[in-house]
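Let me begin by presenting the structure, written as structure tokens, before commenting on it.
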Amino acid sequence: MADGRDMEDLPTRRSLPDMATLLGIGGALALILIALVLGGSPEAFLDLPAVLVVGLGTVMVTLASFTVKDVGVTFAMVASALRDGGPGPRVAALKILALADFARKHGVLKFQGQVLNSLKDDPFLQKGIALVVDGLPEPDVEAILAQDIHATQQRLSRASSVLRRAAEVAPAMGLIGTLIGLVQMLGNLDDPTTIGPSMAVALLTTFYGAILGNVVFLPLAGKLDRNGADDTLVRRIYMVGVLSVARKENPRRLEMLLNSALPPAQRVDYYG
Amino acid sequence: MADGRDMEDLPTRRSLPDMATLLGIGGALALILIALVLGGSPEAFLDLPAVLVVGLGTVMVTLASFTVKDVGVTFAMVASALRDGGPGPRVAALKILALADFARKHGVLKFQGQVLNSLKDDPFLQKGIALVVDGLPEPDVEAILAQDIHATQQRLSRASSVLRRAAEVAPAMGLIGTLIGLVQMLGNLDDPTTIGPSMAVALLTTFYGAILGNVVFLPLAGKLDRNGADDTLVRRIYMVGVLSVARKENPRRLEMLLNSALPPAQRVDYYG
Amino acid sequence: MADGRDMEDLPTRRSLPDMATLLGIGGALALILIALVLGGSPEAFLDLPAVLVVGLGTVMVTLASFTVKDVGVTFAMVASALRDGGPGPRVAALKILALADFARKHGVLKFQGQVLNSLKDDPFLQKGIALVVDGLPEPDVEAILAQDIHATQQRLSRASSVLRRAAEVAPAMGLIGTLIGLVQMLGNLDDPTTIGPSMAVALLTTFYGAILGNVVFLPLAGKLDRNGADDTLVRRIYMVGVLSVARKENPRRLEMLLNSALPPAQRVDYYG
Amino acid sequence: MADGRDMEDLPTRRSLPDMATLLGIGGALALILIALVLGGSPEAFLDLPAVLVVGLGTVMVTLASFTVKDVGVTFAMVASALRDGGPGPRVAALKILALADFARKHGVLKFQGQVLNSLKDDPFLQKGIALVVDGLPEPDVEAILAQDIHATQQRLSRASSVLRRAAEVAPAMGLIGTLIGLVQMLGNLDDPTTIGPSMAVALLTTFYGAILGNVVFLPLAGKLDRNGADDTLVRRIYMVGVLSVARKENPRRLEMLLNSALPPAQRVDYYG
Amino acid sequence: MADGRDMEDLPTRRSLPDMATLLGIGGALALILIALVLGGSPEAFLDLPAVLVVGLGTVMVTLASFTVKDVGVTFAMVASALRDGGPGPRVAALKILALADFARKHGVLKFQGQVLNSLKDDPFLQKGIALVVDGLPEPDVEAILAQDIHATQQRLSRASSVLRRAAEVAPAMGLIGTLIGLVQMLGNLDDPTTIGPSMAVALLTTFYGAILGNVVFLPLAGKLDRNGADDTLVRRIYMVGVLSVARKENPRRLEMLLNSALPPAQRVDYYG
């Protein structure tokens with residue numbers, strides 16, 4: 001038993017990837033496309049220079065506030081947020097309770113080997129347990145885990161601020177493009193038949209900027225923030241559990257404390 | 001007496017549902033409808049594509065920043081906020097004073113059974129009293145209740161941020177719809193008689209976005225925030241009371257402390 | 001002497017009502033009215049449907065974010081802010097110094113009766129002194145008074161947020177009204193002579209919304225916030241003084257501490 | 001030596017008045033004036049009713065959020081900020097180091113008389129030294145000086161918020177004035193030759209509001225905030241020094257601590 | 001060994017200058033220029049008075065909120081941010097670990113001379129090590145370094161606020177310039193052929209303001225903030241390390257703590 005076999009029924013580690021973001025952004029873009037097609041001439045909404053000024057311009061101006069690496073990290077975080085929802089707080093609570101129960105029964109040293117390896121999908125939890133197994137004093141464990149949570153929040157918040165910056169830049173580039181179009185049009189008012197189409201083209205950059213900012217960048221930034229809050233909650237649950245294990249507390253007390261952090265519908269009942 | 005019968009005159013648990021939100025939003029929408037009818041052609045304000053771009057688009061873009069479950073929880077919280085105002089701070093103070101007085105006279109163990117059951121409408125208070133009955137040390141009770149208050153605030157704040165996000169998205173989708181209409185109209189300026197009606201249709205999405213954002217989503221978000229502040233106050237009153245019971249303090253001191261948290265007109269006078 | 005008679009020369013309790021708010025709002029509205037009359041046709045600025053959509057609509061949408069009682073409390077607080085400036089910090093400092101000096105000379109028990117009654121215009125101070133007379137331990141007095149200050153700030157901040165919400169809603173309702181007017185006008189472009197007057201009427205709701213928001217609601221919200229900050233300062237001065245009396249400190253030390261919280265020009269010199 | 005004569009070489013107390021604000025605002029207004037003159041008809045930009053609605057209206061609406069005294073204090077603070085830059089952090093550090101060195105050599109009692117008098121341009125420092133000379137315990141000195149810093153910040157922040165409020169009100173009054181002009185113009189579209197000039201006049205209030213808000217009030221508010229931050233830094237330096245003197249610490253330690261708060265280029269080297 | 005030679009393999013002190021800002025701003029300006037040239041008449045976008053009102057006006061109004069020195073410091077900080085990325089957190093961690101390991105082996109006194117000199121590119125680290133070598137008590141070292149971090153953040157935040165202020169002022173000056181142009185144009189509507197070109201010129205200031213604010217000032221402010229956050233992280237790493245050296249802690253514990261502050265991909269493995 002103490003060889004970690006009763007750890008096998010640890011709850012599933014990952015929830016299914018959350019489709020809300022892809023569905024939401026894709027659906028909104030599809031709706032806009034349908035509106036263009038229904039309007040009769042969707043090709044009137046495609047203008048390469050406008051795409052370049054708004055699209056490439058937004059990328060460049062956003063880049064200027066950060067570094068190439070920051071932007072790369074942001075892409076990686078967005079990809080990860082789209083792919084994978086992470087363990088929910090309830091799963092995390094069940095997992096740490098199972099570990100606390102195991103530690104109560106067999107001692108923390110039995111975590112070595114198989115159990116520690118089985119946590120490799122949760123590096124934060126794995127690291128916390130490893131520190132306890134190594135016999136580090138509890139205040140040191142707390143300092144290291146709290147520092148990790150803080151640093152992770154800082155990184156997530158930078159990624160989210162890259163996207164928020166892009167969401168501000170896109171409409172600004174749209175406005176600049178429209179101003180260029182307007183000035184060019186106003187300088188050539190001689191032929192009234194060209195006024196309408198010129199205005200239409202001038203408005204395209206505003207249109208692109210509004211879509212990029214509101215339908216693409218802001219939702220992604222919001223999603224990163226939201227997942228970051230959940231991720232922090234999961235890490236705090238892990239930290240509370242690891243410290244409880246380090247202090248050799250009764251896991252029933254841990255269960256009560258963790259349940260206070262979970263929504264009523266997700267509370268766990270490990271000790272039934 | 002000690003069987004909990006003197007708990008029967010506990011103050012009413014719930015105030016009447018607060019109609020301000022339904023009345024306010026309904027009344028404002030009715031006012032707008034009246035203005036449309038008085039203007040002569042209310043049917044000119046109905047355009048299905050515009051409704052889809054703004055309504056469905058807002059739902060999709062909002063969804064993209066969260067998960068399906070977040071949006072579901074938000075709906076549930078709005079429904080609950082419309083249905084039920086919760087106990088007010090004064091009722092909460094009277095209730096916890098009655099419990100403290102009961103504990104003083106009969107001891108906390110007499111809470112078991114009937115009294116604890118009678119608190120099932122107030123799960124937070126029930127849980128706090130149960131922890132005290134179980135003999136948990138006071139610092140543990142405080143940690144668990146404070147954690148519960150914090151986690152509840154976080155959940156409420158996420159629900160409110162879903163609505164605030166929707167309130168930002170709706171005007172943005174309205175602007176995008178109007179830009180689509182403007183570009184389409186400007187591409188077909190040949191027939192001047194169509195300019196007015198085309199512009200009118202283009203403005204409809206802005207109109208819908210302004211109503212959705214300002215008359216529907218923002219008031220609901222504000223109401224959630226407001227009720228959340230009241231709910232936190234009630235939970236704090238319960239926590240102060242439960243801890244006072246756990247410390248076996250004199251309920252008169254509790255009354256003074258609770259009264260400091262209540263508006264002058266709602267102060268309680270349990271000990272006359 | 002010890003019967004409280006040397007308390008008779010307590011400084012005046014209330015400053016004169018501050019007219020700045022009434023004068024400021026009234027004067028600005030008068031200026032606008034003069035501009036309308038000078039323009040020749042003030043009656044062109046009166047349109048009952050526009051008044052209803054913006055005025056009634058603002059009330060309803062604001063109400064939706066709060067409760068009927070919140071709005072009532074806000075009205076009461078505005079009325080009180082217009083009527084009465086409260087004691088200033090300097091008057092408060094002089095008053096609490098007189099009380100501290102009295103306590104030093106005659107003991108806190110002599111506060112009972114006449115002196116306590118004479119404080120009925122300052123319920124917070126009266127309550128603090130009463131707690132000291134009752135012999136409550138100083139930490140309890142501090143907890144109760146600090147809780148009262150916090151709860152009062154929360155109530156003031158809700159009242160101010162009702163007005164800020166109204167100040168946001170009013171221009172939004174103005175925009176909605178103008179959009180209604182524009183769509184109606186654009187649908188009937190056949191008769192060019194009606195375009196101007198229709199546009200004029202459509203702009204009236206924007207005009208009303210700008211006035212309601214900027215000239216009425218925002219200044220009132222600002223005034224509540226400003227008075228709330230002063231009120232908190234006065235309560236803190238009272239609290240510092242009451243705790244000093246409870247600790248039987250030398251009033252000269254209290255005078256130095258209070259003077260640090262007062263503007264240079266308002267410092268008191270009780271002990272000459 | 002101990003009579004304070006070695007205090008004579010205290011660094012200059014005040015830096016030269018900082019001209020950036022006067023130059024900046026004056027220069028920007030001059031630039032705008034030049035643009036008007038170059039445009040050919042500067043008199044077209046002067047309209048008395050527009051000046052009254054925006055200028056007087058802004059004063060009145062701003063006043064409504066505050067009291068007459070708040071506005072007076074704000075004027076006085078702006079005048080003081082334009083006149084006098086205060087001692088910089090480096091000068092303050094040198095001064096307090098000289099005082100600490102003097103105290104080390106001659107004892108704090110020798111501050112009485114000439115030295116204390118020579119500090120009358122720095123009332124905060126003078127007060128702090130006087131408290132130490134009076135033998136007040138160090139925690140009391142810290143409480144009094146910290147309270148003074150906090151209260152001064154509150155006063156500065158109110159003055160700055162008066163100006164920020166004015167900077168918000170001015171464009172709003174400009175918009176209201178323009179709406180008045182537009183409605184009046186749209187009601188009289190019969191004579192097309194008057195449309196342009198009427199529009200021009202209507203836009204003047206927006207023009208005035210943008211200048212008042214962006215070129216006058218916001219820069220002044222920013223300057224007050226900026227000077228307030230410097231002033232707080234200077235007071236903190238004085239407080240750290242006074243407390244160090246009260247604790248009879250080695251001034252070399254004080255020098256190291258103060259240098260950490262100064263920019264690299266301004267670090268002092270009192271002990272060479 | 002103890003002469004500091006094993007310090008020679010300290011990691012490279014500086015990363016390559018980060019080109020993202022220059023590339024981003026330059027690229028966006030180039031894109032806009034290309035759009036102007038493709039539009040046919042780039043010279044129509046050059047108007048000297050417009051350049052003066054927006055460019056010089058922005059400088060003057062920004063200056064008015066600060067001092068000449070603040071603006072100079074901001075320029076210097078921008079130049080430094082463009083030139084030099086500073087050591088990254090990983091390099092900083094490796095460096096302080098090498099120093100901690102050296103101190104463990106040879107004692108802190110061996111830092112004197114060569115090692116301290118080799119740190120002259122990192123004045124903060126050099127100062128911290130020097131304080132430890134001088135035998136200052138650890139709480140004093142912590143107070144001095146924490147004060148330095150705080151003061152550096154304040155200076156960076158002022159530089160960034162100068163740029164943010166400029167980014168707000170530029171569009172405001174653009175609006176003012178456009179209003180001047182519009183009023184002048186509306187006063188001379190007699191010749192319809194001049195309307196278009198006049199409008200075009202009027203819009204140029206808005207165009208300049210949008211570019212200055214969004215493509216130049218905001219990205220620079222964002223870059224300063226971003227680098228400031230990295231710089232603070234590096235200083236915190238140095239401080240944690242210096243204090244660990246002062247406490248003579250095991251460098252392996254320091255490595256664990258530092259790794260918690262680094263992104264997973266940048267963690268160091270000094271002790272293999």
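Residues are referred to by chain and number: the chain letter is A, B, ... according to the order shown in the structure tokens, the number counts from 1 in that chain, and ligands are numbered separately from 1 in the order shown.
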
Hey, what's within 10 Å of segment 248-250 of chain E if we count only C-alpha atoms and toss same-chain stuff fewer than 4 positions away? As a PyMOL selection string, please?
chain E and resi 100-101+103-104+107-108+241-244+254-255

Listing only residues of chain C within 9 Å of chain D, what is the closest atom pair and its distance in Å (to one decimal) for each, using only C-alpha atoms, sorted by chain and residue number ascending, as CSV?
```
residue,atom,partner,partner_atom,distance
C:Asp18,CA,D:Thr67,CA,6.8
C:Met19,CA,D:Thr67,CA,7.8
C:Ala20,CA,D:Ala64,CA,5.2
C:Thr21,CA,D:Ala64,CA,3.7
C:Leu22,CA,D:Ala64,CA,6.8
C:Leu23,CA,D:Ala64,CA,7.1
C:Gly24,CA,D:Met60,CA,4.2
C:Ile25,CA,D:Val61,CA,5.9
C:Gly26,CA,D:Met60,CA,8.5
C:Gly27,CA,D:Met60,CA,6.4
C:Ala28,CA,D:Gly57,CA,5.1
C:Leu29,CA,D:Gly57,CA,8.5
C:Leu31,CA,D:Val53,CA,6.2
C:Ile32,CA,D:Val53,CA,6.7
C:Ala35,CA,D:Pro49,CA,6.9
C:Leu36,CA,D:Ile180,CA,7.1
C:Leu38,CA,D:Pro49,CA,8.8
C:Gly39,CA,D:Gln184,CA,6.9
C:Gly40,CA,D:Gln184,CA,8.3
C:Ser41,CA,D:Gln184,CA,7.7
C:Ala44,CA,D:Gln184,CA,7.9
C:Phe45,CA,D:Val183,CA,7.8
C:Thr193,CA,D:Leu189,CA,8.1
C:Ile195,CA,D:Leu186,CA,8.3
C:Gly196,CA,D:Leu186,CA,4.5
C:Pro197,CA,D:Gly187,CA,5.1
C:Ser198,CA,D:Leu186,CA,8.4
C:Met199,CA,D:Leu186,CA,6.8
C:Ala200,CA,D:Val183,CA,4.6
C:Val201,CA,D:Val183,CA,7.5
C:Leu203,CA,D:Val183,CA,6.9
C:Leu204,CA,D:Val183,CA,7.5
C:Thr206,CA,D:Leu179,CA,8.0
C:Phe207,CA,D:Leu179,CA,6.1
C:Tyr208,CA,D:Ile176,CA,8.9
C:Ala210,CA,D:Ile176,CA,6.6
C:Ile211,CA,D:Ile176,CA,7.1
C:Asn214,CA,D:Ala172,CA,6.7
C:Val215,CA,D:Val61,CA,6.1
C:Val216,CA,D:Val61,CA,8.5
C:Leu218,CA,D:Ser65,CA,7.9
C:Pro219,CA,D:Ser65,CA,4.5
C:Leu220,CA,D:Ser65,CA,6.2
C:Ala221,CA,D:Ser65,CA,7.5
C:Gly222,CA,D:Ser65,CA,4.8
C:Lys223,CA,D:Ser65,CA,4.3
C:Leu224,CA,D:Ser65,CA,8.0
C:Asp225,CA,D:Ser65,CA,8.6
C:Arg226,CA,D:Phe66,CA,6.6
C:Asn227,CA,D:Phe66,CA,8.3
C:Arg253,CA,D:Asp140,CA,8.6
C:Met256,CA,D:Ile144,CA,7.1
C:Leu257,CA,D:Ile144,CA,5.3
C:Leu258,CA,D:Ile144,CA,8.4
C:Asn259,CA,D:Asp148,CA,8.2
C:Ser260,CA,D:Asp148,CA,4.5
C:Ala261,CA,D:Ala151,CA,5.2
C:Leu262,CA,D:Ala151,CA,7.0
C:Pro263,CA,D:Thr152,CA,7.5
```

Applying 8 Å and only C-alpha atoms, which residues near Arg90 of chain C remain after dropping the ones on its own chain fewer than 5 positions away? List them as a PyMOL selection string.
chain C and resi 262+266-268

DSSP-assigned alpha helix (DSSP H) among segment 209-239 of chain A, expressed as a count of residues only
25

At what distance in Å, to one decimal, does atom CA of Gly209 of chain E lie from atom CA of Gly174 of chain E?
4.7 Å

Mind checking which residues fall within 7 Å of Ile237 of chain D, counting only C-alpha atoms, ignoring those fewer than 3 positions away in the same chain, and posting them as a VMD selection string?
chain D and resid 92 to 93 233 to 234 240 to 241 258

Selection export as an mmCIF file, in the first residue's frame, atoms kept: N, CA, C and O atoms:
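Result file again.cif:
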```cif
data_model
loop_
_atom_site.group_PDB
_atom_site.id
_atom_site.type_symbol
_atom_site.label_atom_id
_atom_site.label_comp_id
_atom_site.auth_asym_id
_atom_site.auth_seq_id
_atom_site.Cartn_x
_atom_site.Cartn_y
_atom_site.Cartn_z
ATOM 1 N N ALA D 92 17.854 68.969 1.257
ATOM 2 C CA ALA D 92 17.263 68.512 2.515
ATOM 3 C C ALA D 92 18.178 67.520 3.203
ATOM 4 O O ALA D 92 18.378 67.575 4.430
ATOM 5 N N ALA D 93 18.773 66.608 2.413
ATOM 6 C CA ALA D 93 19.643 65.592 3.013
ATOM 7 C C ALA D 93 20.873 66.251 3.624
ATOM 8 O O ALA D 93 21.290 65.918 4.741
ATOM 9 N N LEU D 233 8.887 63.466 -0.306
ATOM 10 C CA LEU D 233 10.231 62.893 -0.199
ATOM 11 C C LEU D 233 11.102 63.722 0.746
ATOM 12 O O LEU D 233 11.799 63.181 1.612
ATOM 13 N N VAL D 234 11.035 65.057 0.592
ATOM 14 C CA VAL D 234 11.820 65.928 1.468
ATOM 15 C C VAL D 234 11.398 65.746 2.919
ATOM 16 O O VAL D 234 12.243 65.614 3.822
ATOM 17 N N VAL D 240 13.274 60.956 8.735
ATOM 18 C CA VAL D 240 14.307 59.946 8.976
ATOM 19 C C VAL D 240 15.463 60.568 9.760
ATOM 20 O O VAL D 240 15.976 59.969 10.717
ATOM 21 N N GLY D 241 15.851 61.787 9.374
ATOM 22 C CA GLY D 241 16.963 62.441 10.052
ATOM 23 C C GLY D 241 16.629 62.819 11.482
ATOM 24 O O GLY D 241 17.427 62.589 12.403
ATOM 25 N N LEU D 258 20.062 57.923 3.681
ATOM 26 C CA LEU D 258 19.546 59.027 2.866
ATOM 27 C C LEU D 258 20.004 58.880 1.422
ATOM 28 O O LEU D 258 19.235 59.120 0.481
#
```

Tyr270 of chain C surroundings by only C-alpha atoms, 9 Å radius, close-in-sequence under 6 positions cut, as a PyMOL selection string:
chain C and resi 94+97-98+252+255

Selected residues written out, N, CA and C atoms, as a compact mmCIF listing (two decimals), in the first residue's frame:
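Once written, out-v1.txt looks like this:
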```
# COMPACT_ATOMS: atom_id res chain seq x y z
N LEU C 94 -10.82 71.47 18.92
CA LEU C 94 -11.02 72.29 20.11
C LEU C 94 -11.97 71.60 21.09
N LEU C 97 -10.36 68.66 22.79
CA LEU C 97 -9.35 69.13 23.75
C LEU C 97 -10.02 69.64 25.02
N ALA C 98 -11.15 70.35 24.84
CA ALA C 98 -11.89 70.83 26.02
C ALA C 98 -12.35 69.66 26.86
N ARG C 252 -1.77 67.87 26.55
CA ARG C 252 -0.82 68.62 25.73
C ARG C 252 -0.26 67.74 24.59
N GLU C 255 -2.86 67.61 22.01
CA GLU C 255 -2.89 68.84 21.20
C GLU C 255 -1.83 68.78 20.10
```

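Going from atom CA of Arg247 of chain A over to atom CA of Leu116 of chain A, you cover 18.9 Å.
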